[in-house]
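What's in work.tsv: TSV, N, CA and C atoms
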chain	number	residue	atom	x	y	z
D	1	MET	N	0.85	-1.16	0.00
D	1	MET	CA	0.00	0.00	0.00
D	1	MET	C	0.91	1.23	0.00
D	2	PRO	N	0.56	2.22	-0.75
D	2	PRO	CA	1.34	3.46	-0.73
D	2	PRO	C	1.26	4.11	0.66
D	3	GLU	N	2.37	4.61	1.11
D	3	GLU	CA	2.45	5.22	2.44
D	3	GLU	C	1.45	6.36	2.60
D	4	ALA	N	1.17	7.08	1.55
D	4	ALA	CA	0.23	8.21	1.62
D	4	ALA	C	-1.19	7.76	1.97
D	5	LEU	N	-1.53	6.51	1.71
D	5	LEU	CA	-2.87	6.00	2.01
D	5	LEU	C	-2.98	5.38	3.41
D	6	GLU	N	-1.87	5.20	4.08
D	6	GLU	CA	-1.88	4.53	5.38
D	6	GLU	C	-2.79	5.25	6.39
D	7	THR	N	-2.61	6.52	6.58
D	7	THR	CA	-3.41	7.26	7.57
D	7	THR	C	-4.88	7.33	7.18
D	8	PRO	N	-5.23	7.73	5.95
D	8	PRO	CA	-6.66	7.79	5.63
D	8	PRO	C	-7.36	6.43	5.72
D	9	LEU	N	-6.70	5.36	5.28
D	9	LEU	CA	-7.32	4.04	5.36
D	9	LEU	C	-7.43	3.56	6.81
D	10	SER	N	-6.47	3.91	7.65
D	10	SER	CA	-6.56	3.57	9.08
D	10	SER	C	-7.74	4.27	9.72
D	11	VAL	N	-7.96	5.52	9.37
D	11	VAL	CA	-9.11	6.26	9.92
D	11	VAL	C	-10.41	5.60	9.49
D	12	ILE	N	-10.50	5.26	8.22
D	12	ILE	CA	-11.72	4.59	7.72
D	12	ILE	C	-11.93	3.27	8.44
D	13	GLN	N	-10.88	2.49	8.59
D	13	GLN	CA	-10.99	1.19	9.26
D	13	GLN	C	-11.43	1.37	10.71
D	14	HIS	N	-10.84	2.30	11.43
D	14	HIS	CA	-11.21	2.52	12.83
D	14	HIS	C	-12.67	2.90	12.96
D	15	HIS	N	-13.13	3.79	12.11
D	15	HIS	CA	-14.52	4.23	12.21
D	15	HIS	C	-15.49	3.15	11.74
D	16	THR	N	-15.03	2.28	10.89
D	16	THR	CA	-15.87	1.17	10.44
D	16	THR	C	-15.98	0.10	11.52
D	17	LEU	N	-14.89	-0.18	12.20
D	17	LEU	CA	-14.88	-1.25	13.20
D	17	LEU	C	-15.38	-0.80	14.56
D	18	LEU	N	-15.36	0.48	14.84
D	18	LEU	CA	-15.70	0.96	16.18
D	18	LEU	C	-17.11	1.53	16.27
D	19	THR	N	-17.90	1.38	15.25
D	19	THR	CA	-19.27	1.89	15.29
D	19	THR	C	-20.24	0.73	15.41
D	20	LEU	N	-21.44	1.06	15.74
D	20	LEU	CA	-22.49	0.06	15.82
D	20	LEU	C	-22.81	-0.45	14.43
D	21	ASP	N	-22.96	-1.74	14.29
D	21	ASP	CA	-23.26	-2.37	13.01
D	21	ASP	C	-24.52	-1.73	12.40
D	22	PRO	N	-24.51	-1.43	11.12
D	22	PRO	CA	-25.69	-0.84	10.48
D	22	PRO	C	-26.95	-1.68	10.62
D	23	VAL	N	-26.81	-3.00	10.65
D	23	VAL	CA	-27.99	-3.86	10.81
D	23	VAL	C	-28.70	-3.53	12.12
D	24	VAL	N	-27.94	-3.34	13.18
D	24	VAL	CA	-28.51	-3.00	14.49
D	24	VAL	C	-29.13	-1.60	14.43
D	25	GLN	N	-28.48	-0.68	13.76
D	25	GLN	CA	-29.02	0.68	13.64
D	25	GLN	C	-30.36	0.67	12.90
D	26	TYR	N	-30.44	-0.08	11.80
D	26	TYR	CA	-31.71	-0.15	11.07
D	26	TYR	C	-32.78	-0.87	11.90
D	27	GLY	N	-32.36	-1.87	12.68
D	27	GLY	CA	-33.30	-2.54	13.57
D	27	GLY	C	-33.87	-1.59	14.61
D	28	ALA	N	-33.02	-0.73	15.15
D	28	ALA	CA	-33.49	0.26	16.14
D	28	ALA	C	-34.46	1.24	15.50
D	29	LEU	N	-34.18	1.67	14.28
D	29	LEU	CA	-35.09	2.57	13.58
D	29	LEU	C	-36.45	1.90	13.35
D	30	GLU	N	-36.42	0.63	12.98
D	30	GLU	CA	-37.68	-0.10	12.77
D	30	GLU	C	-38.44	-0.25	14.09
D	31	ALA	N	-37.71	-0.51	15.18
D	31	ALA	CA	-38.36	-0.66	16.50
D	31	ALA	C	-39.09	0.61	16.89
D	32	LEU	N	-38.56	1.74	16.50
D	32	LEU	CA	-39.22	3.02	16.82
D	32	LEU	C	-40.59	3.13	16.16
D	33	LYS	N	-40.82	2.36	15.12
D	33	LYS	CA	-42.12	2.36	14.43
D	33	LYS	C	-43.13	1.44	15.13
D	34	HIS	N	-42.66	0.65	16.10
D	34	HIS	CA	-43.52	-0.33	16.77
D	34	HIS	C	-43.40	-0.18	18.28
D	35	GLU	N	-43.74	1.00	18.72
D	35	GLU	CA	-43.56	1.33	20.13
D	35	GLU	C	-44.29	0.38	21.08
D	36	GLU	N	-45.49	-0.06	20.68
D	36	GLU	CA	-46.27	-0.95	21.55
D	36	GLU	C	-45.57	-2.30	21.73
D	37	ASP	N	-44.91	-2.81	20.69
D	37	ASP	CA	-44.17	-4.06	20.80
D	37	ASP	C	-42.96	-3.91	21.72
D	38	VAL	N	-42.30	-2.78	21.59
D	38	VAL	CA	-41.14	-2.50	22.44
D	38	VAL	C	-41.57	-2.41	23.90
D	39	GLU	N	-42.67	-1.71	24.14
D	39	GLU	CA	-43.19	-1.59	25.51
D	39	GLU	C	-43.57	-2.94	26.09
D	40	ALA	N	-44.17	-3.81	25.28
D	40	ALA	CA	-44.54	-5.14	25.74
D	40	ALA	C	-43.30	-5.95	26.12
D	41	LEU	N	-42.24	-5.83	25.32
D	41	LEU	CA	-41.01	-6.55	25.61
D	41	LEU	C	-40.35	-6.00	26.87
D	42	VAL	N	-40.32	-4.70	27.01
D	42	VAL	CA	-39.75	-4.08	28.22
D	42	VAL	C	-40.53	-4.54	29.44
D	43	SER	N	-41.84	-4.59	29.34
D	43	SER	CA	-42.67	-5.03	30.46
D	43	SER	C	-42.39	-6.49	30.81
D	44	ALA	N	-42.27	-7.34	29.80
D	44	ALA	CA	-41.98	-8.77	30.05
D	44	ALA	C	-40.63	-8.93	30.73
D	45	TYR	N	-39.63	-8.20	30.26
D	45	TYR	CA	-38.30	-8.29	30.87
D	45	TYR	C	-38.30	-7.75	32.29
D	46	ARG	N	-39.05	-6.69	32.52
D	46	ARG	CA	-39.15	-6.13	33.89
D	46	ARG	C	-39.78	-7.16	34.82
D	47	GLN	N	-40.83	-7.83	34.36
D	47	GLN	CA	-41.49	-8.86	35.18
D	47	GLN	C	-40.53	-10.02	35.46
D	48	ARG	N	-39.76	-10.41	34.48
D	48	ARG	CA	-38.80	-11.50	34.67
D	48	ARG	C	-37.71	-11.09	35.66
D	49	ARG	N	-37.25	-9.85	35.55
D	49	ARG	CA	-36.25	-9.36	36.50
D	49	ARG	C	-36.81	-9.39	37.91
D	50	ASP	N	-38.01	-8.86	38.08
D	50	ASP	CA	-38.63	-8.81	39.40
D	50	ASP	C	-38.87	-10.22	39.96
D	51	TYR	N	-39.28	-11.14	39.10
D	51	TYR	CA	-39.49	-12.53	39.51
D	51	TYR	C	-38.18	-13.12	40.04
D	52	THR	N	-37.10	-12.87	39.33
D	52	THR	CA	-35.80	-13.38	39.73
D	52	THR	C	-35.36	-12.80	41.06
D	53	LEU	N	-35.49	-11.50	41.21
D	53	LEU	CA	-35.10	-10.86	42.47
D	53	LEU	C	-35.90	-11.42	43.64
D	54	GLU	N	-37.20	-11.60	43.44
D	54	GLU	CA	-38.05	-12.15	44.51
D	54	GLU	C	-37.63	-13.57	44.86
D	55	LYS	N	-37.43	-14.41	43.86
D	55	LYS	CA	-37.08	-15.81	44.11
D	55	LYS	C	-35.71	-15.95	44.77
D	56	PHE	N	-34.74	-15.15	44.34
D	56	PHE	CA	-33.40	-15.28	44.89
D	56	PHE	C	-33.23	-14.59	46.24
D	57	ASN	N	-34.21	-13.83	46.68
D	57	ASN	CA	-34.15	-13.28	48.04
D	57	ASN	C	-34.09	-14.39	49.08
D	58	ALA	N	-34.67	-15.54	48.75
D	58	ALA	CA	-34.72	-16.66	49.70
D	58	ALA	C	-33.58	-17.66	49.53
D	59	VAL	N	-32.65	-17.39	48.64
D	59	VAL	CA	-31.57	-18.34	48.37
D	59	VAL	C	-30.32	-17.93	49.14
D	60	PRO	N	-29.87	-18.80	50.05
D	60	PRO	CA	-28.65	-18.46	50.79
D	60	PRO	C	-27.42	-18.52	49.89
D	61	ASP	N	-26.48	-17.64	50.14
D	61	ASP	CA	-25.18	-17.63	49.46
D	61	ASP	C	-25.20	-17.19	48.00
D	62	VAL	N	-26.35	-16.73	47.49
D	62	VAL	CA	-26.42	-16.24	46.11
D	62	VAL	C	-27.22	-14.94	46.12
D	63	ARG	N	-26.66	-13.92	45.46
D	63	ARG	CA	-27.36	-12.63	45.37
D	63	ARG	C	-27.63	-12.30	43.91
D	64	ALA	N	-28.86	-11.90	43.61
D	64	ALA	CA	-29.23	-11.47	42.26
D	64	ALA	C	-28.94	-9.98	42.14
D	65	LEU	N	-28.18	-9.63	41.10
D	65	LEU	CA	-27.77	-8.24	40.87
D	65	LEU	C	-28.32	-7.78	39.52
D	66	PRO	N	-29.41	-7.03	39.53
D	66	PRO	CA	-29.98	-6.61	38.25
D	66	PRO	C	-29.12	-5.54	37.59
D	67	ALA	N	-29.08	-5.60	36.26
D	67	ALA	CA	-28.39	-4.56	35.50
D	67	ALA	C	-29.34	-3.39	35.29
D	68	LYS	N	-28.78	-2.26	34.98
D	68	LYS	CA	-29.61	-1.09	34.66
D	68	LYS	C	-29.69	-0.98	33.14
D	69	GLY	N	-30.90	-1.16	32.61
D	69	GLY	CA	-31.08	-1.00	31.18
D	69	GLY	C	-30.59	-2.14	30.33
D	70	SER	N	-30.75	-3.37	30.79
D	70	SER	CA	-30.27	-4.51	30.03
D	70	SER	C	-31.27	-5.64	30.14
D	71	PHE	N	-31.08	-6.68	29.34
D	71	PHE	CA	-31.91	-7.87	29.49
D	71	PHE	C	-31.11	-9.00	30.09
D	72	TYR	N	-30.13	-8.62	30.91
D	72	TYR	CA	-29.31	-9.58	31.64
D	72	TYR	C	-29.38	-9.31	33.14
D	73	LEU	N	-29.10	-10.34	33.90
D	73	LEU	CA	-29.02	-10.23	35.35
D	73	LEU	C	-27.80	-11.05	35.77
D	74	THR	N	-27.10	-10.58	36.77
D	74	THR	CA	-25.93	-11.28	37.27
D	74	THR	C	-26.24	-11.91	38.61
D	75	LEU	N	-25.81	-13.15	38.79
D	75	LEU	CA	-25.91	-13.81	40.09
D	75	LEU	C	-24.52	-13.81	40.72
D	76	ASP	N	-24.40	-13.20	41.89
D	76	ASP	CA	-23.16	-13.26	42.65
D	76	ASP	C	-23.17	-14.56	43.43
D	77	CYS	N	-22.32	-15.48	43.03
D	77	CYS	CA	-22.27	-16.82	43.61
D	77	CYS	C	-21.03	-17.03	44.46
D	78	SER	N	-20.34	-15.96	44.82
D	78	SER	CA	-19.05	-16.09	45.50
D	78	SER	C	-19.16	-16.88	46.81
D	79	ALA	N	-20.14	-16.57	47.64
D	79	ALA	CA	-20.29	-17.30	48.91
D	79	ALA	C	-20.64	-18.76	48.65
D	80	TYR	N	-21.53	-18.99	47.71
D	80	TYR	CA	-21.92	-20.37	47.36
D	80	TYR	C	-20.70	-21.16	46.89
D	81	MET	N	-19.91	-20.56	46.02
D	81	MET	CA	-18.75	-21.25	45.47
D	81	MET	C	-17.70	-21.52	46.55
D	82	ARG	N	-17.46	-20.57	47.44
D	82	ARG	CA	-16.49	-20.78	48.52
D	82	ARG	C	-16.93	-21.93	49.42
D	83	ARG	N	-18.19	-21.96	49.82
D	83	ARG	CA	-18.70	-22.99	50.72
D	83	ARG	C	-18.58	-24.40	50.12
D	84	ARG	N	-18.63	-24.47	48.80
D	84	ARG	CA	-18.61	-25.78	48.13
D	84	ARG	C	-17.30	-26.04	47.38
D	85	SER	N	-16.32	-25.19	47.60
D	85	SER	CA	-14.99	-25.33	46.97
D	85	SER	C	-15.06	-25.42	45.45
D	86	ILE	N	-15.95	-24.63	44.87
D	86	ILE	CA	-16.03	-24.53	43.41
D	86	ILE	C	-15.09	-23.41	43.00
D	87	THR	N	-14.17	-23.72	42.11
D	87	THR	CA	-13.10	-22.76	41.81
D	87	THR	C	-13.37	-21.85	40.63
D	88	SER	N	-14.36	-22.17	39.79
D	88	SER	CA	-14.62	-21.29	38.65
D	88	SER	C	-16.11	-21.25	38.33
D	89	SER	N	-16.52	-20.13	37.79
D	89	SER	CA	-17.93	-20.02	37.38
D	89	SER	C	-18.24	-20.94	36.21
D	90	LEU	N	-17.23	-21.30	35.42
D	90	LEU	CA	-17.44	-22.27	34.36
D	90	LEU	C	-17.80	-23.63	34.95
D	91	ASP	N	-17.09	-24.05	36.00
D	91	ASP	CA	-17.42	-25.31	36.67
D	91	ASP	C	-18.83	-25.26	37.24
D	92	LEU	N	-19.20	-24.13	37.84
D	92	LEU	CA	-20.54	-23.99	38.39
D	92	LEU	C	-21.58	-24.06	37.28
D	93	ALA	N	-21.37	-23.34	36.20
D	93	ALA	CA	-22.32	-23.34	35.08
D	93	ALA	C	-22.47	-24.75	34.49
D	94	GLU	N	-21.36	-25.47	34.40
D	94	GLU	CA	-21.44	-26.85	33.89
D	94	GLU	C	-22.23	-27.74	34.84
D	95	GLY	N	-22.01	-27.59	36.14
D	95	GLY	CA	-22.77	-28.37	37.11
D	95	GLY	C	-24.25	-28.06	37.05
D	96	ILE	N	-24.58	-26.80	36.87
D	96	ILE	CA	-25.99	-26.39	36.79
D	96	ILE	C	-26.66	-26.98	35.56
D	97	ILE	N	-26.00	-26.89	34.41
D	97	ILE	CA	-26.66	-27.38	33.20
D	97	ILE	C	-26.84	-28.89	33.25
D	98	ARG	N	-25.88	-29.59	33.84
D	98	ARG	CA	-26.03	-31.06	33.98
D	98	ARG	C	-27.19	-31.41	34.89
D	99	ALA	N	-27.34	-30.68	35.98
D	99	ALA	CA	-28.36	-31.00	36.98
D	99	ALA	C	-29.75	-30.48	36.62
D	100	THR	N	-29.83	-29.37	35.88
D	100	THR	CA	-31.12	-28.70	35.69
D	100	THR	C	-31.54	-28.50	34.24
D	101	ASN	N	-30.61	-28.69	33.31
D	101	ASN	CA	-30.85	-28.36	31.90
D	101	ASN	C	-31.12	-26.87	31.69
D	102	VAL	N	-30.57	-26.05	32.58
D	102	VAL	CA	-30.67	-24.59	32.46
D	102	VAL	C	-29.29	-24.05	32.13
D	103	ALA	N	-29.21	-23.28	31.05
D	103	ALA	CA	-27.93	-22.70	30.64
D	103	ALA	C	-27.73	-21.34	31.29
D	104	THR	N	-26.55	-21.15	31.84
D	104	THR	CA	-26.13	-19.85	32.36
D	104	THR	C	-24.79	-19.52	31.70
D	105	VAL	N	-24.39	-18.28	31.80
D	105	VAL	CA	-23.11	-17.87	31.22
D	105	VAL	C	-22.14	-17.58	32.35
D	106	PRO	N	-20.98	-18.22	32.35
D	106	PRO	CA	-19.99	-17.97	33.41
D	106	PRO	C	-19.56	-16.50	33.42
D	107	GLY	N	-19.54	-15.92	34.60
D	107	GLY	CA	-19.10	-14.54	34.74
D	107	GLY	C	-17.64	-14.34	34.39
D	108	SER	N	-16.88	-15.42	34.44
D	108	SER	CA	-15.46	-15.31	34.08
D	108	SER	C	-15.31	-14.81	32.64
D	109	ASP	N	-16.30	-15.04	31.80
D	109	ASP	CA	-16.27	-14.53	30.43
D	109	ASP	C	-16.29	-13.01	30.39
D	110	PHE	N	-16.71	-12.38	31.50
D	110	PHE	CA	-16.84	-10.92	31.58
D	110	PHE	C	-15.91	-10.32	32.62
D	111	GLY	N	-14.97	-11.13	33.12
D	111	GLY	CA	-14.02	-10.63	34.11
D	111	GLY	C	-14.54	-10.62	35.53
D	112	ILE	N	-15.67	-11.26	35.79
D	112	ILE	CA	-16.22	-11.36	37.15
D	112	ILE	C	-16.42	-12.86	37.45
D	113	PRO	N	-15.34	-13.51	37.89
D	113	PRO	CA	-15.28	-14.97	37.90
D	113	PRO	C	-16.17	-15.71	38.90
D	114	GLU	N	-16.75	-15.05	39.85
D	114	GLU	CA	-17.61	-15.75	40.81
D	114	GLU	C	-19.08	-15.43	40.59
D	115	THR	N	-19.42	-15.19	39.33
D	115	THR	CA	-20.80	-14.83	39.00
D	115	THR	C	-21.29	-15.67	37.83
D	116	LEU	N	-22.60	-15.64	37.65
D	116	LEU	CA	-23.25	-16.21	36.48
D	116	LEU	C	-24.11	-15.11	35.86
D	117	ARG	N	-24.27	-15.18	34.57
D	117	ARG	CA	-25.09	-14.19	33.87
D	117	ARG	C	-26.32	-14.90	33.31
D	118	LEU	N	-27.47	-14.29	33.50
D	118	LEU	CA	-28.74	-14.83	33.01
D	118	LEU	C	-29.35	-13.84	32.03
D	119	SER	N	-30.00	-14.36	31.00
D	119	SER	CA	-30.69	-13.51	30.04
D	119	SER	C	-32.19	-13.67	30.24
D	120	TYR	N	-32.89	-12.55	30.19
D	120	TYR	CA	-34.35	-12.56	30.33
D	120	TYR	C	-35.06	-13.04	29.06
D	121	SER	N	-34.34	-13.38	28.02
D	121	SER	CA	-34.96	-13.57	26.71
D	121	SER	C	-35.65	-14.92	26.49
D	122	SER	N	-35.50	-15.86	27.38
D	122	SER	CA	-36.13	-17.17	27.19
D	122	SER	C	-37.62	-17.11	27.49
D	123	ARG	N	-38.39	-17.77	26.65
D	123	ARG	CA	-39.85	-17.83	26.88
D	123	ARG	C	-40.19	-18.67	28.11
D	124	ARG	N	-39.29	-19.56	28.49
D	124	ARG	CA	-39.51	-20.41	29.67
D	124	ARG	C	-38.66	-19.91	30.83
D	125	TYR	N	-38.47	-18.61	30.90
D	125	TYR	CA	-37.57	-17.99	31.86
D	125	TYR	C	-37.92	-18.35	33.31
D	126	GLU	N	-39.18	-18.18	33.70
D	126	GLU	CA	-39.57	-18.43	35.09
D	126	GLU	C	-39.30	-19.88	35.48
D	127	GLU	N	-39.57	-20.82	34.58
D	127	GLU	CA	-39.27	-22.23	34.85
D	127	GLU	C	-37.78	-22.41	35.10
D	128	GLY	N	-36.96	-21.75	34.30
D	128	GLY	CA	-35.51	-21.84	34.48
D	128	GLY	C	-35.08	-21.27	35.82
D	129	ILE	N	-35.67	-20.16	36.22
D	129	ILE	CA	-35.35	-19.56	37.52
D	129	ILE	C	-35.75	-20.50	38.64
D	130	ASP	N	-36.92	-21.10	38.53
D	130	ASP	CA	-37.35	-22.05	39.56
D	130	ASP	C	-36.36	-23.22	39.67
D	131	ARG	N	-35.87	-23.71	38.54
D	131	ARG	CA	-34.89	-24.80	38.57
D	131	ARG	C	-33.57	-24.35	39.20
D	132	LEU	N	-33.15	-23.11	38.88
D	132	LEU	CA	-31.92	-22.58	39.47
D	132	LEU	C	-32.05	-22.43	40.98
D	133	VAL	N	-33.16	-21.90	41.42
D	133	VAL	CA	-33.39	-21.74	42.86
D	133	VAL	C	-33.34	-23.09	43.55
D	134	GLU	N	-34.01	-24.08	42.97
D	134	GLU	CA	-33.99	-25.42	43.56
D	134	GLU	C	-32.55	-25.96	43.59
D	135	PHE	N	-31.80	-25.76	42.53
D	135	PHE	CA	-30.42	-26.22	42.48
D	135	PHE	C	-29.61	-25.60	43.62
D	136	PHE	N	-29.66	-24.28	43.74
D	136	PHE	CA	-28.85	-23.61	44.77
D	136	PHE	C	-29.29	-23.98	46.19
D	137	CYS	N	-30.55	-24.31	46.35
D	137	CYS	CA	-31.05	-24.65	47.69
D	137	CYS	C	-30.80	-26.12	48.06
D	138	THR	N	-30.55	-26.97	47.07
D	138	THR	CA	-30.42	-28.40	47.37
D	138	THR	C	-29.03	-28.97	47.08
D	139	HIS	N	-28.18	-28.25	46.41
D	139	HIS	CA	-26.83	-28.76	46.09
D	139	HIS	C	-25.77	-28.08	46.90
This entry written out as structure tokens:
Amino acid sequence: MPEALETPLSVIQHHTLLTLDPVVQYGALEALKHEEDVEALVSAYRQRRDYTLEKFNAVPDVRALPAKGSFYLTLDCSAYMRRRSITSSLDLAEGIIRATNVATVPGSDFGIPETLRLSYSSRRYEEGIDRLVEFFCTH
């Protein structure tokens, strides 16, 4: 490549790679045309968050930490993991899926190794939460 093009092409590449994907931008524009659908989804996710917080209030050694403005929730499992000598959230997530058929995401993927991440997006979300609560209370 000619040296004279190095800087302009680097600028173009940076702005192309560091922006939100156009597909997502067009999706957001389309969502603005369907406000009632967006409100219904926000309401469903809010109910799922509240359900999780209520259910995990009774679970020893695990705290539910809701995110602000997201469809994810984090479970702080540090006390649970220490009491049971579980060394990684990946090990915990694997144990949970084997015992309950509920998938969680290890917090170690996000730099918070004693947590699990849950998504509100499953249609069977409450059933999954009930299985997780039972797991944490009986294992």
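Residues with any atom within 10 Å of Gln47 in chain D, counting only C-alpha atoms and excluding same-chain neighbours fewer than 5 positions away, are Leu41, Val42, Thr52, Leu53, Tyr120 and Glu126 of chain D.
We find CA of Lys55 in chain D and atom C of Thr74 in chain D to be spaced 12.8 Å apart.
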Could you give me the residues within chain D that DSSP places in strand (DSSP E), as a ChimeraX atom specification? /D:63-66,72-76,105-106,115-119
Between CA of Asp109 in chain D and CA of Gly128 in chain D, distance in Å (one decimal):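 Interatomic distance, CA of Asp109 in chain D to CA of Gly128 in chain D: 21.0 Å.
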Among range 16-110 of chain D, which residues does DSSP mark as helix (DSSP H, G or I) when it is run on the backbone? Keep the chain and numbering as in the structure and answer as a PyMOL selection string. chain D and resi 16-17+22-31+35-56+78-83+89-100+107-110
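Taking atom C of Phe56 in chain D and atom N of Glu134 in chain D as endpoints, the distance between them is 10.1 Å.
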Contacts of range 84-93 of chain D within 5 Å, only N, CA and C atoms, excl. fewer than 4 positions in-chain, as a PyMOL selection string: chain D and resi 80+97+106+113
Do you know which residues lie at most 6 Å from (-33.7, -29.2, 40.8), with coordinates as in the file and only N, CA and C atoms counted, and could you write them as a PyMOL selection string? chain D and resi 99-100+131+134-135
Output file for the selection above: N, CA and C atoms, as a short mmCIF file (atom, residue, chain, number, x, y, z; two decimals), keeping the file's coordinate frame:
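Listing of out.cif after writing:
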data_model
loop_
_atom_site.label_atom_id
_atom_site.label_comp_id
_atom_site.auth_asym_id
_atom_site.auth_seq_id
_atom_site.Cartn_x
_atom_site.Cartn_y
_atom_site.Cartn_z
N ALA D 99 -27.34 -30.68 35.98
CA ALA D 99 -28.36 -31.00 36.98
C ALA D 99 -29.75 -30.48 36.62
N THR D 100 -29.83 -29.37 35.88
CA THR D 100 -31.12 -28.70 35.69
C THR D 100 -31.54 -28.50 34.24
N ARG D 131 -35.87 -23.71 38.54
CA ARG D 131 -34.89 -24.80 38.57
C ARG D 131 -33.57 -24.35 39.20
N GLU D 134 -34.01 -24.08 42.97
CA GLU D 134 -33.99 -25.42 43.56
C GLU D 134 -32.55 -25.96 43.59
N PHE D 135 -31.80 -25.76 42.53
CA PHE D 135 -30.42 -26.22 42.48
C PHE D 135 -29.61 -25.60 43.62
#
Please write range 19-69 of chain D of the preceding block to a file containing C-alpha atoms, as a JSON list (two decimals), in the first residue's frame?
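Result file is part04.json:
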[["chain", "number", "residue", "atom", "x", "y", "z"],
["D", 19, "THR", "CA", -19.27, 1.89, 15.29],
["D", 20, "LEU", "CA", -22.49, 0.06, 15.82],
["D", 21, "ASP", "CA", -23.26, -2.37, 13.01],
["D", 22, "PRO", "CA", -25.69, -0.84, 10.48],
["D", 23, "VAL", "CA", -27.99, -3.86, 10.81],
["D", 24, "VAL", "CA", -28.51, -3.00, 14.49],
["D", 25, "GLN", "CA", -29.02, 0.68, 13.64],
["D", 26, "TYR", "CA", -31.71, -0.15, 11.07],
["D", 27, "GLY", "CA", -33.30, -2.54, 13.57],
["D", 28, "ALA", "CA", -33.49, 0.26, 16.14],
["D", 29, "LEU", "CA", -35.09, 2.57, 13.58],
["D", 30, "GLU", "CA", -37.68, -0.10, 12.77],
["D", 31, "ALA", "CA", -38.36, -0.66, 16.50],
["D", 32, "LEU", "CA", -39.22, 3.02, 16.82],
["D", 33, "LYS", "CA", -42.12, 2.36, 14.43],
["D", 34, "HIS", "CA", -43.52, -0.33, 16.77],
["D", 35, "GLU", "CA", -43.56, 1.33, 20.13],
["D", 36, "GLU", "CA", -46.27, -0.95, 21.55],
["D", 37, "ASP", "CA", -44.17, -4.06, 20.80],
["D", 38, "VAL", "CA", -41.14, -2.50, 22.44],
["D", 39, "GLU", "CA", -43.19, -1.59, 25.51],
["D", 40, "ALA", "CA", -44.54, -5.14, 25.74],
["D", 41, "LEU", "CA", -41.01, -6.55, 25.61],
["D", 42, "VAL", "CA", -39.75, -4.08, 28.22],
["D", 43, "SER", "CA", -42.67, -5.03, 30.46],
["D", 44, "ALA", "CA", -41.98, -8.77, 30.05],
["D", 45, "TYR", "CA", -38.30, -8.29, 30.87],
["D", 46, "ARG", "CA", -39.15, -6.13, 33.89],
["D", 47, "GLN", "CA", -41.49, -8.86, 35.18],
["D", 48, "ARG", "CA", -38.80, -11.50, 34.67],
["D", 49, "ARG", "CA", -36.25, -9.36, 36.50],
["D", 50, "ASP", "CA", -38.63, -8.81, 39.40],
["D", 51, "TYR", "CA", -39.49, -12.53, 39.51],
["D", 52, "THR", "CA", -35.80, -13.38, 39.73],
["D", 53, "LEU", "CA", -35.10, -10.86, 42.47],
["D", 54, "GLU", "CA", -38.05, -12.15, 44.51],
["D", 55, "LYS", "CA", -37.08, -15.81, 44.11],
["D", 56, "PHE", "CA", -33.40, -15.28, 44.89],
["D", 57, "ASN", "CA", -34.15, -13.28, 48.04],
["D", 58, "ALA", "CA", -34.72, -16.66, 49.70],
["D", 59, "VAL", "CA", -31.57, -18.34, 48.37],
["D", 60, "PRO", "CA", -28.65, -18.46, 50.79],
["D", 61, "ASP", "CA", -25.18, -17.63, 49.46],
["D", 62, "VAL", "CA", -26.42, -16.24, 46.11],
["D", 63, "ARG", "CA", -27.36, -12.63, 45.37],
["D", 64, "ALA", "CA", -29.23, -11.47, 42.26],
["D", 65, "LEU", "CA", -27.77, -8.24, 40.87],
["D", 66, "PRO", "CA", -29.98, -6.61, 38.25],
["D", 67, "ALA", "CA", -28.39, -4.56, 35.50],
["D", 68, "LYS", "CA", -29.61, -1.09, 34.66],
["D", 69, "GLY", "CA", -31.08, -1.00, 31.18]]
